[in-house]
>>> print(open('entry.txt').read())   # compact mmCIF, C-alpha atoms
# COMPACT_ATOMS: atom_id res chain seq x y z
CA MET A 1 0.00 0.00 0.00
CA GLU A 2 1.25 3.47 -0.86
CA LEU A 3 2.16 6.01 1.77
CA SER A 4 -0.64 8.20 3.06
CA LEU A 5 -0.17 11.36 5.10
CA ALA A 6 -2.82 13.47 6.83
CA THR A 7 -2.37 16.27 9.33
CA ARG A 8 -4.85 17.36 11.98
CA THR A 9 -4.79 19.47 15.12
CA VAL A 10 -5.60 18.10 18.56
CA GLY A 11 -5.41 20.85 21.18
CA GLU A 12 -1.91 22.29 20.98
CA HIS A 13 -0.65 19.29 19.07
CA THR A 14 -0.20 18.69 15.39
CA VAL A 15 -0.92 15.05 14.66
CA LEU A 16 0.45 13.55 11.46
CA GLU A 17 -1.36 10.34 10.60
CA VAL A 18 0.80 8.03 8.53
CA GLY A 19 -0.50 5.01 6.70
CA GLY A 20 0.86 2.36 4.36
CA GLU A 21 4.52 1.62 3.74
CA VAL A 22 7.35 3.85 4.91
CA ASP A 23 10.49 2.70 3.14
CA VAL A 24 13.47 3.94 1.16
CA TYR A 25 11.14 5.03 -1.66
CA THR A 26 8.41 6.76 0.33
CA ALA A 27 10.39 8.08 3.34
CA PRO A 28 11.51 11.27 1.53
CA ARG A 29 7.82 12.32 1.33
CA LEU A 30 7.41 11.78 5.05
CA ARG A 31 10.58 13.81 5.67
CA GLU A 32 9.29 16.68 3.51
CA ARG A 33 5.94 16.72 5.28
CA LEU A 34 7.55 16.75 8.73
CA ILE A 35 9.84 19.61 7.70
CA GLU A 36 6.78 21.53 6.42
CA VAL A 37 4.97 20.94 9.70
CA VAL A 38 7.89 22.22 11.79
CA GLU A 39 8.63 25.13 9.47
CA GLY A 40 4.93 25.98 9.64
CA GLY A 41 5.40 26.64 13.34
CA ALA A 42 4.21 23.41 14.96
CA ARG A 43 6.15 22.68 18.15
CA ARG A 44 4.16 19.80 19.63
CA VAL A 45 4.19 17.12 16.99
CA VAL A 46 2.78 13.61 17.22
CA VAL A 47 3.22 11.05 14.46
CA ASP A 48 0.48 8.43 14.52
CA LEU A 49 1.84 5.18 13.10
CA GLY A 50 -1.43 3.32 13.68
CA ARG A 51 -2.04 2.61 10.01
CA VAL A 52 1.57 1.92 9.02
CA ASP A 53 2.04 -1.63 7.82
CA PHE A 54 5.72 -1.40 6.98
CA LEU A 55 8.51 0.72 8.46
CA ASP A 56 12.21 0.34 7.66
CA SER A 57 15.48 1.98 8.71
CA THR A 58 15.00 4.88 6.30
CA GLY A 59 11.66 5.68 7.90
CA LEU A 60 13.19 5.43 11.36
CA GLY A 61 15.94 7.81 10.22
CA VAL A 62 13.32 10.34 9.13
CA LEU A 63 11.56 10.10 12.51
CA VAL A 64 14.85 10.64 14.37
CA GLY A 65 15.55 13.63 12.13
CA ALA A 66 12.19 15.15 13.09
CA LEU A 67 12.84 14.50 16.78
CA LYS A 68 16.18 16.33 16.56
CA ARG A 69 14.64 19.21 14.63
CA LEU A 70 11.90 19.68 17.22
CA ARG A 71 14.28 19.40 20.16
CA ALA A 72 16.46 22.09 18.60
CA ALA A 73 13.37 24.31 18.29
CA GLY A 74 12.32 23.69 21.89
CA GLY A 75 9.40 21.49 20.88
CA THR A 76 8.18 17.98 21.59
CA PHE A 77 7.90 14.94 19.36
CA GLY A 78 6.03 11.75 20.14
CA LEU A 79 4.94 8.60 18.35
CA VAL A 80 1.68 6.68 18.56
CA CYS A 81 2.11 2.96 18.07
CA ASP A 82 0.49 -0.01 19.76
CA ARG A 83 1.17 -2.81 17.29
CA GLU A 84 3.69 -5.40 18.37
CA PRO A 85 5.53 -5.88 15.04
CA LEU A 86 6.30 -2.15 14.87
CA LEU A 87 7.14 -1.92 18.58
CA LYS A 88 9.62 -4.75 18.10
CA ILE A 89 11.41 -2.67 15.46
CA PHE A 90 11.80 0.16 17.96
CA ARG A 91 13.06 -2.23 20.65
CA ILE A 92 15.61 -3.95 18.41
CA THR A 93 17.09 -0.65 17.29
CA ALA A 94 16.98 0.78 20.86
CA LEU A 95 14.92 3.65 19.45
CA ASP A 96 12.25 2.86 22.07
CA GLN A 97 14.69 4.61 24.43
CA VAL A 98 14.90 7.64 22.18
CA PHE A 99 11.24 8.30 21.27
CA PRO A 100 8.34 8.83 23.61
CA ILE A 101 5.92 6.14 22.33
CA PHE A 102 2.25 6.21 23.30
CA PRO A 103 -0.51 3.65 22.74
CA THR A 104 -3.09 6.23 21.65
CA VAL A 105 -3.27 9.75 20.21
CA GLU A 106 -5.14 10.77 23.34
CA ALA A 107 -2.24 9.65 25.55
CA ALA A 108 0.28 11.38 23.32
CA THR A 109 -1.58 14.67 23.27
CA THR A 110 -2.34 14.92 26.98
CA VAL A 111 1.00 13.92 28.45
CA ASP A 112 3.13 17.00 27.91
CA GLN A 113 0.65 19.84 28.06
CA ALA A 114 2.48 21.30 31.06
CA GLY A 115 5.62 22.35 29.26
CA PRO A 116 8.33 21.55 26.77
CA ALA A 117 9.83 18.10 26.71
CA GLU A 118 13.35 17.23 27.78
CA MET B 119 15.31 -27.33 -4.46
CA SER B 120 14.02 -24.37 -6.38
CA THR B 121 15.56 -20.98 -7.00
CA VAL B 122 14.12 -17.58 -7.87
CA ARG B 123 16.42 -14.81 -9.02
CA LEU B 124 15.54 -11.14 -9.25
CA SER B 125 17.78 -8.38 -10.53
CA PHE B 126 16.87 -4.74 -10.36
CA SER B 127 18.31 -1.33 -11.17
CA PRO B 128 19.56 0.34 -7.99
CA ALA B 129 16.51 2.56 -7.48
CA PRO B 130 14.52 2.84 -4.24
CA VAL B 131 11.22 2.19 -6.04
CA HIS B 132 12.26 -1.41 -6.79
CA VAL B 133 13.03 -2.36 -3.19
CA ARG B 134 9.33 -2.88 -2.53
CA THR B 135 9.14 -5.29 -5.47
CA ALA B 136 12.05 -7.26 -4.02
CA ARG B 137 10.26 -7.45 -0.65
CA LEU B 138 7.03 -8.65 -2.24
CA VAL B 139 8.78 -11.33 -4.28
CA GLY B 140 10.92 -12.38 -1.31
CA VAL B 141 7.89 -12.86 0.92
CA ALA B 142 5.93 -14.67 -1.79
CA VAL B 143 8.78 -17.14 -2.31
CA ALA B 144 9.24 -17.52 1.47
CA ARG B 145 5.56 -18.41 1.88
CA ARG B 146 5.80 -20.88 -0.96
CA ALA B 147 8.98 -22.38 0.60
CA GLY B 148 7.17 -23.05 3.86
CA VAL B 149 8.42 -20.24 6.10
CA THR B 150 5.82 -19.90 8.88
CA GLU B 151 3.39 -16.97 8.76
CA GLU B 152 4.75 -15.41 11.96
CA ARG B 153 8.21 -15.10 10.42
CA LEU B 154 7.08 -13.44 7.20
CA ASP B 155 7.20 -9.92 8.68
CA GLU B 156 10.83 -10.53 9.60
CA VAL B 157 11.60 -11.85 6.14
CA ARG B 158 9.95 -8.82 4.55
CA LEU B 159 11.85 -6.37 6.74
CA ALA B 160 15.23 -8.11 6.41
CA ILE B 161 15.07 -8.42 2.61
CA GLY B 162 14.03 -4.77 2.46
CA GLU B 163 16.94 -3.69 4.63
CA ALA B 164 19.48 -5.73 2.67
CA CYS B 165 18.19 -4.34 -0.63
CA THR B 166 18.02 -0.78 0.71
CA ARG B 167 21.64 -1.09 1.79
CA ALA B 168 22.67 -2.40 -1.65
CA VAL B 169 20.79 0.38 -3.46
CA ALA B 170 22.38 3.01 -1.21
CA LEU B 171 25.87 1.65 -1.90
CA HIS B 172 25.34 1.55 -5.67
CA ARG B 173 24.06 5.12 -5.63
CA GLN B 174 26.90 6.27 -3.39
CA TYR B 175 29.44 4.88 -5.84
CA GLY B 176 27.48 5.77 -8.97
CA LEU B 177 27.20 2.15 -10.04
CA PRO B 178 24.52 1.34 -12.63
CA ASP B 179 24.94 -2.41 -12.03
CA LEU B 180 21.89 -4.40 -11.05
CA VAL B 181 21.34 -5.54 -7.48
CA LEU B 182 20.84 -9.30 -7.38
CA VAL B 183 18.48 -11.12 -5.05
CA GLU B 184 18.57 -14.90 -5.09
CA MET B 185 16.08 -16.97 -3.14
CA SER B 186 16.34 -20.73 -2.71
CA ASP B 187 14.49 -23.25 -0.60
CA GLU B 188 16.70 -26.25 -0.04
CA GLU B 189 15.96 -27.46 3.52
CA SER B 190 15.80 -23.85 4.65
CA TYR B 191 14.88 -20.57 2.99
CA THR B 192 18.04 -18.77 1.91
CA VAL B 193 18.12 -15.26 0.49
CA ARG B 194 21.29 -13.71 -0.90
CA VAL B 195 21.39 -10.01 -1.72
CA ILE B 196 24.45 -9.10 -3.74
CA ASP B 197 25.80 -5.63 -4.43
CA ARG B 198 28.76 -4.57 -6.56
CA ALA B 199 30.17 -1.82 -4.38
CA PRO B 200 33.82 -1.73 -3.20
CA ILE B 201 34.26 -4.08 -0.30
CA GLU B 202 35.53 -1.56 2.25
CA ALA B 203 32.17 0.19 2.10
CA GLY B 204 30.11 -2.84 2.78
CA LEU B 205 31.36 -4.81 5.74
CA GLY B 206 30.91 -2.47 8.68
CA LEU B 207 28.37 -4.11 10.94
CA ALA B 208 27.78 -1.29 13.38
CA ALA B 209 24.80 -1.22 15.71
CA LEU B 210 24.57 2.08 17.52
CA PRO B 211 24.05 2.44 21.27
CA PRO B 212 20.87 4.32 22.24
CA ASP B 213 22.66 7.38 23.59
CA GLU B 214 24.23 7.96 20.18
CA LEU B 215 21.06 7.47 18.16
CA ALA B 216 19.68 10.96 18.75
CA ASP B 217 23.10 12.59 18.92
CA GLU B 218 23.20 15.85 16.99
CA SER B 219 26.50 14.99 15.29
CA LEU B 220 25.22 11.74 13.81
CA THR B 221 24.23 12.20 10.17
CA ASP B 222 20.92 10.83 8.91
CA GLU B 223 22.82 8.51 6.57
CA ALA B 224 24.98 7.08 9.36
CA LEU B 225 21.94 6.66 11.55
CA THR B 226 20.00 4.85 8.84
CA VAL B 227 22.92 2.52 8.10
CA GLY B 228 23.41 1.73 11.79
CA VAL B 229 19.70 1.16 12.34
CA GLY B 230 19.49 -0.95 9.18
CA PHE B 231 22.21 -3.26 10.43
CA ALA B 232 20.60 -3.44 13.86
CA LEU B 233 17.38 -4.60 12.18
CA LEU B 234 19.18 -7.18 10.04
CA ALA B 235 21.08 -8.55 13.03
CA GLY B 236 17.96 -8.47 15.20
CA PHE B 237 15.59 -10.15 12.76
CA VAL B 238 17.87 -12.70 11.10
CA GLU B 239 19.33 -15.39 13.33
CA ASP B 240 21.47 -16.81 10.56
CA LEU B 241 23.08 -13.77 8.91
CA GLN B 242 26.36 -13.50 7.04
CA VAL B 243 27.87 -10.46 5.36
CA ARG B 244 30.87 -11.36 3.25
CA PRO B 245 32.75 -10.50 0.05
CA VAL B 246 31.38 -12.06 -3.12
CA ASP B 247 33.33 -15.04 -4.43
CA VAL B 248 34.05 -13.48 -7.81
CA GLY B 249 34.62 -9.80 -8.58
CA ILE B 250 33.80 -6.79 -6.44
CA GLY B 251 30.92 -6.63 -4.01
CA THR B 252 29.29 -7.92 -0.88
CA GLU B 253 26.80 -10.68 -0.28
CA VAL B 254 24.26 -10.47 2.54
CA ARG B 255 23.12 -14.03 3.16
CA MET B 256 20.07 -14.67 5.30
CA VAL B 257 18.65 -18.07 6.22
CA TRP B 258 15.29 -18.91 7.79
CA PRO B 259 13.96 -22.31 8.79
CA VAL B 260 11.00 -23.70 6.90
CA GLY B 261 8.13 -25.18 8.84
CA ARG B 262 7.37 -28.29 6.87
>>> encode(input="entry.txt", output="structure tokens")
Amino acid sequence: MELSLATRTVGEHTVLEVGGEVDVYTAPRLRERLIEVVEGGARRVVVDLGRVDFLDSTGLGVLVGALKRLRAAGGTFGLVCDREPLLKIFRITALDQVFPIFPTVEAATTVDQAGPAE
Amino acid sequence: MSTVRLSFSPAPVHVRTARLVGVAVARRAGVTEERLDEVRLAIGEACTRAVALHRQYGLPDLVLVEMSDEESYTVRVIDRAPIEAGLGLAALPPDELADESLTDEALTVGVGFALLAGFVEDLQVRPVDVGIGTEVRMVWPVGR
């Protein structure tokens, strides 16, 4: 399935819903969209991976890039993922220790209302 | 024993095709359903790595994927890049993953190898027997 990207606002958060396959071919589009979101002024960004059915190292690299960009801008970056095959990818790469990962969009968008992350 | 060979131009768009074929042949070979996600990811990572190396060195040569099912399911992904580029198996520790100085390329390569090593129990990365290049050889049991 092709990559799908949709942005919505939940409170102070910008939620990017990603669906389909994020790989070496489609990851550049995800990178561009995340850069647009941050350059557009969003500082609390959540990427919802709930409809992603494939994610590879290139996609992970794009997500780390977005995390760094938001940290540098004083913002927050979180992921929504509750599916075991994807969670295993984050564990194996140790990226589960780098990203805040939440089971639901609601959890991701209520956790850090009090202030900036880190 | 049966063998399926696939060669493709080193372009990202073809990596998905290699994954689809690799999983189809794995299923046919008798790899259990619960392992197919691992097979899909590992073949994708090996092909992504090969495509990146060919593009880095400006090589138009095809990337070769060979799948065979004798007793186990064996996938070989062969690139034609200079050997010194291909053999670094470097998994990154977590505190370095989000380090500012780490380039996106280095991160992706490190994470790619971590995925290969994590998802493939029987993994070998070695020089090709003839000519220039590296072979990533991955073996999975079949559940017959």
>>> interface_residues(input="entry.txt", of="chain B", to="chain A", cutoff="12 Å", atoms="only C-alpha atoms", output="number ranges by chain")
B: 128-135, 137-138, 152-156, 158-170, 208-238
>>> atom_distance(input="entry.txt", atom1="CA of Thr110 in chain A", atom2="CA of Arg29 in chain A")
27.7 Å
>>> atom_distance(input="entry.txt", atom1="CA of Glu2 in chain A", atom2="CA of Arg33 in chain A")
15.3 Å
>>> axis_aligned_box(input="entry.txt", around="range 1-7 of chain A", padding_each_side="6 Å", output="lines of an AutoDock Vina configuration file")
center_x = -0.3
center_y = 8.1
center_z = 4.2
size_x = 17.0
size_y = 28.3
size_z = 22.2
>>> residues_around(input="entry.txt", residues="Val45 in chain A", least_positions_apart="6", cutoff="7 Å", atoms="all atoms listed in the file", output="VMD selection string")
chain A and resid 13 to 15 76 to 78
>>> residues_around(input="entry.txt", residues="range 174-191 of chain B", least_positions_apart="4", cutoff="8 Å", atoms="all atoms listed in the file", output="PyMOL selection string")
chain B and resi 119-128+136+140+143-144+147+149+165+168-170+195-199+257-260
>>> closest_residue(input="entry.txt", among="B:Thr252, B:Val157, B:Thr150, B:Val141", to="Glu239 in chain B", atoms="only C-alpha atoms")
B:Val157
>>> atom_distance(input="entry.txt", atom1="CA of Gly41 in chain A", atom2="CA of Pro103 in chain A")
25.5 Å
>>> residues_around(input="entry.txt", residues="Glu17 in chain A", least_positions_apart="4", cutoff="12 Å", atoms="only C-alpha atoms", output="JSON, numbers by chain")
{"A": [3, 4, 5, 6, 7, 8, 9, 10, 30, 33, 34, 45, 46, 47, 48, 49, 50, 51, 52, 79, 80, 81, 104, 105]}
>>> build_atoms(input="entry.txt", residues="range 22-33 of chain A", atoms="all heavy atoms", output="mmCIF file, keeping the file's coordinate frame")
data_model
loop_
_atom_site.group_PDB
_atom_site.id
_atom_site.type_symbol
_atom_site.label_atom_id
_atom_site.label_comp_id
_atom_site.auth_asym_id
_atom_site.auth_seq_id
_atom_site.Cartn_x
_atom_site.Cartn_y
_atom_site.Cartn_z
ATOM 1 N N VAL A 22 6.302 2.840 4.825
ATOM 2 C CA VAL A 22 7.350 3.850 4.910
ATOM 3 C C VAL A 22 8.673 3.148 4.656
ATOM 4 O O VAL A 22 9.157 2.381 5.495
ATOM 5 C CB VAL A 22 7.379 4.523 6.301
ATOM 6 C CG1 VAL A 22 8.388 5.665 6.304
ATOM 7 C CG2 VAL A 22 5.997 5.028 6.695
ATOM 8 N N ASP A 23 9.226 3.367 3.472
ATOM 9 C CA ASP A 23 10.490 2.700 3.140
ATOM 10 C C ASP A 23 11.398 3.660 2.390
ATOM 11 O O ASP A 23 11.138 4.865 2.338
ATOM 12 C CB ASP A 23 10.230 1.405 2.349
ATOM 13 C CG ASP A 23 9.810 1.659 0.905
ATOM 14 O OD1 ASP A 23 9.527 2.826 0.536
ATOM 15 O OD2 ASP A 23 9.745 0.687 0.141
ATOM 16 N N VAL A 24 12.459 3.111 1.810
ATOM 17 C CA VAL A 24 13.470 3.940 1.160
ATOM 18 C C VAL A 24 12.882 4.771 0.017
ATOM 19 O O VAL A 24 13.385 5.835 -0.316
ATOM 20 C CB VAL A 24 14.645 3.046 0.683
ATOM 21 C CG1 VAL A 24 14.177 2.062 -0.384
ATOM 22 C CG2 VAL A 24 15.825 3.867 0.190
ATOM 23 N N TYR A 25 11.779 4.298 -0.565
ATOM 24 C CA TYR A 25 11.140 5.030 -1.660
ATOM 25 C C TYR A 25 10.208 6.127 -1.156
ATOM 26 O O TYR A 25 10.176 7.242 -1.685
ATOM 27 C CB TYR A 25 10.379 4.052 -2.559
ATOM 28 C CG TYR A 25 9.653 4.701 -3.707
ATOM 29 C CD1 TYR A 25 10.346 5.466 -4.654
ATOM 30 C CD2 TYR A 25 8.278 4.544 -3.854
ATOM 31 C CE1 TYR A 25 9.678 6.069 -5.703
ATOM 32 C CE2 TYR A 25 7.611 5.138 -4.914
ATOM 33 C CZ TYR A 25 8.311 5.898 -5.829
ATOM 34 O OH TYR A 25 7.647 6.492 -6.866
ATOM 35 N N THR A 26 9.434 5.811 -0.107
ATOM 36 C CA THR A 26 8.410 6.760 0.330
ATOM 37 C C THR A 26 8.882 7.678 1.468
ATOM 38 O O THR A 26 8.275 8.728 1.693
ATOM 39 C CB THR A 26 7.149 6.006 0.824
ATOM 40 O OG1 THR A 26 7.502 5.173 1.925
ATOM 41 C CG2 THR A 26 6.547 5.154 -0.274
ATOM 42 N N ALA A 27 9.954 7.297 2.179
ATOM 43 C CA ALA A 27 10.390 8.080 3.340
ATOM 44 C C ALA A 27 10.701 9.547 3.013
ATOM 45 O O ALA A 27 10.435 10.418 3.849
ATOM 46 C CB ALA A 27 11.595 7.411 4.010
ATOM 47 N N PRO A 28 11.266 9.856 1.826
ATOM 48 C CA PRO A 28 11.510 11.270 1.530
ATOM 49 C C PRO A 28 10.235 12.121 1.600
ATOM 50 O O PRO A 28 10.284 13.284 2.006
ATOM 51 C CB PRO A 28 12.086 11.249 0.111
ATOM 52 C CG PRO A 28 12.756 9.916 0.020
ATOM 53 C CD PRO A 28 11.859 8.979 0.801
ATOM 54 N N ARG A 29 9.080 11.548 1.246
ATOM 55 C CA ARG A 29 7.820 12.320 1.330
ATOM 56 C C ARG A 29 7.432 12.570 2.779
ATOM 57 O O ARG A 29 6.914 13.636 3.120
ATOM 58 C CB ARG A 29 6.707 11.581 0.574
ATOM 59 C CG ARG A 29 6.779 11.898 -0.927
ATOM 60 C CD ARG A 29 5.970 10.967 -1.778
ATOM 61 N NE ARG A 29 4.646 10.706 -1.275
ATOM 62 C CZ ARG A 29 3.974 9.573 -1.480
ATOM 63 N NH1 ARG A 29 4.533 8.604 -2.182
ATOM 64 N NH2 ARG A 29 2.769 9.417 -1.004
ATOM 65 N N LEU A 30 7.678 11.587 3.623
ATOM 66 C CA LEU A 30 7.410 11.780 5.050
ATOM 67 C C LEU A 30 8.341 12.860 5.611
ATOM 68 O O LEU A 30 7.919 13.725 6.376
ATOM 69 C CB LEU A 30 7.614 10.459 5.804
ATOM 70 C CG LEU A 30 7.474 10.515 7.330
ATOM 71 C CD1 LEU A 30 6.088 10.974 7.753
ATOM 72 C CD2 LEU A 30 7.788 9.148 7.951
ATOM 73 N N ARG A 31 9.619 12.810 5.199
ATOM 74 C CA ARG A 31 10.580 13.810 5.670
ATOM 75 C C ARG A 31 10.127 15.217 5.262
ATOM 76 O O ARG A 31 10.104 16.141 6.085
ATOM 77 C CB ARG A 31 11.971 13.529 5.091
ATOM 78 C CG ARG A 31 13.008 14.583 5.518
ATOM 79 C CD ARG A 31 14.351 14.391 4.846
ATOM 80 N NE ARG A 31 15.033 13.217 5.331
ATOM 81 C CZ ARG A 31 15.381 12.174 4.595
ATOM 82 N NH1 ARG A 31 15.105 12.160 3.306
ATOM 83 N NH2 ARG A 31 16.001 11.153 5.126
ATOM 84 N N GLU A 32 9.728 15.364 3.992
ATOM 85 C CA GLU A 32 9.290 16.680 3.510
ATOM 86 C C GLU A 32 8.097 17.184 4.297
ATOM 87 O O GLU A 32 8.040 18.352 4.682
ATOM 88 C CB GLU A 32 8.910 16.595 2.020
ATOM 89 C CG GLU A 32 10.107 16.568 1.091
ATOM 90 C CD GLU A 32 9.726 16.115 -0.313
ATOM 91 O OE1 GLU A 32 8.527 16.240 -0.679
ATOM 92 O OE2 GLU A 32 10.610 15.610 -1.028
ATOM 93 N N ARG A 33 7.140 16.301 4.566
ATOM 94 C CA ARG A 33 5.940 16.720 5.280
ATOM 95 C C ARG A 33 6.283 17.146 6.709
ATOM 96 O O ARG A 33 5.779 18.153 7.206
ATOM 97 C CB ARG A 33 4.908 15.602 5.294
ATOM 98 C CG ARG A 33 3.629 15.946 6.064
ATOM 99 C CD ARG A 33 2.844 17.106 5.453
ATOM 100 N NE ARG A 33 2.231 16.727 4.205
ATOM 101 C CZ ARG A 33 1.020 16.189 4.091
ATOM 102 N NH1 ARG A 33 0.280 16.018 5.174
ATOM 103 N NH2 ARG A 33 0.539 15.847 2.921
#
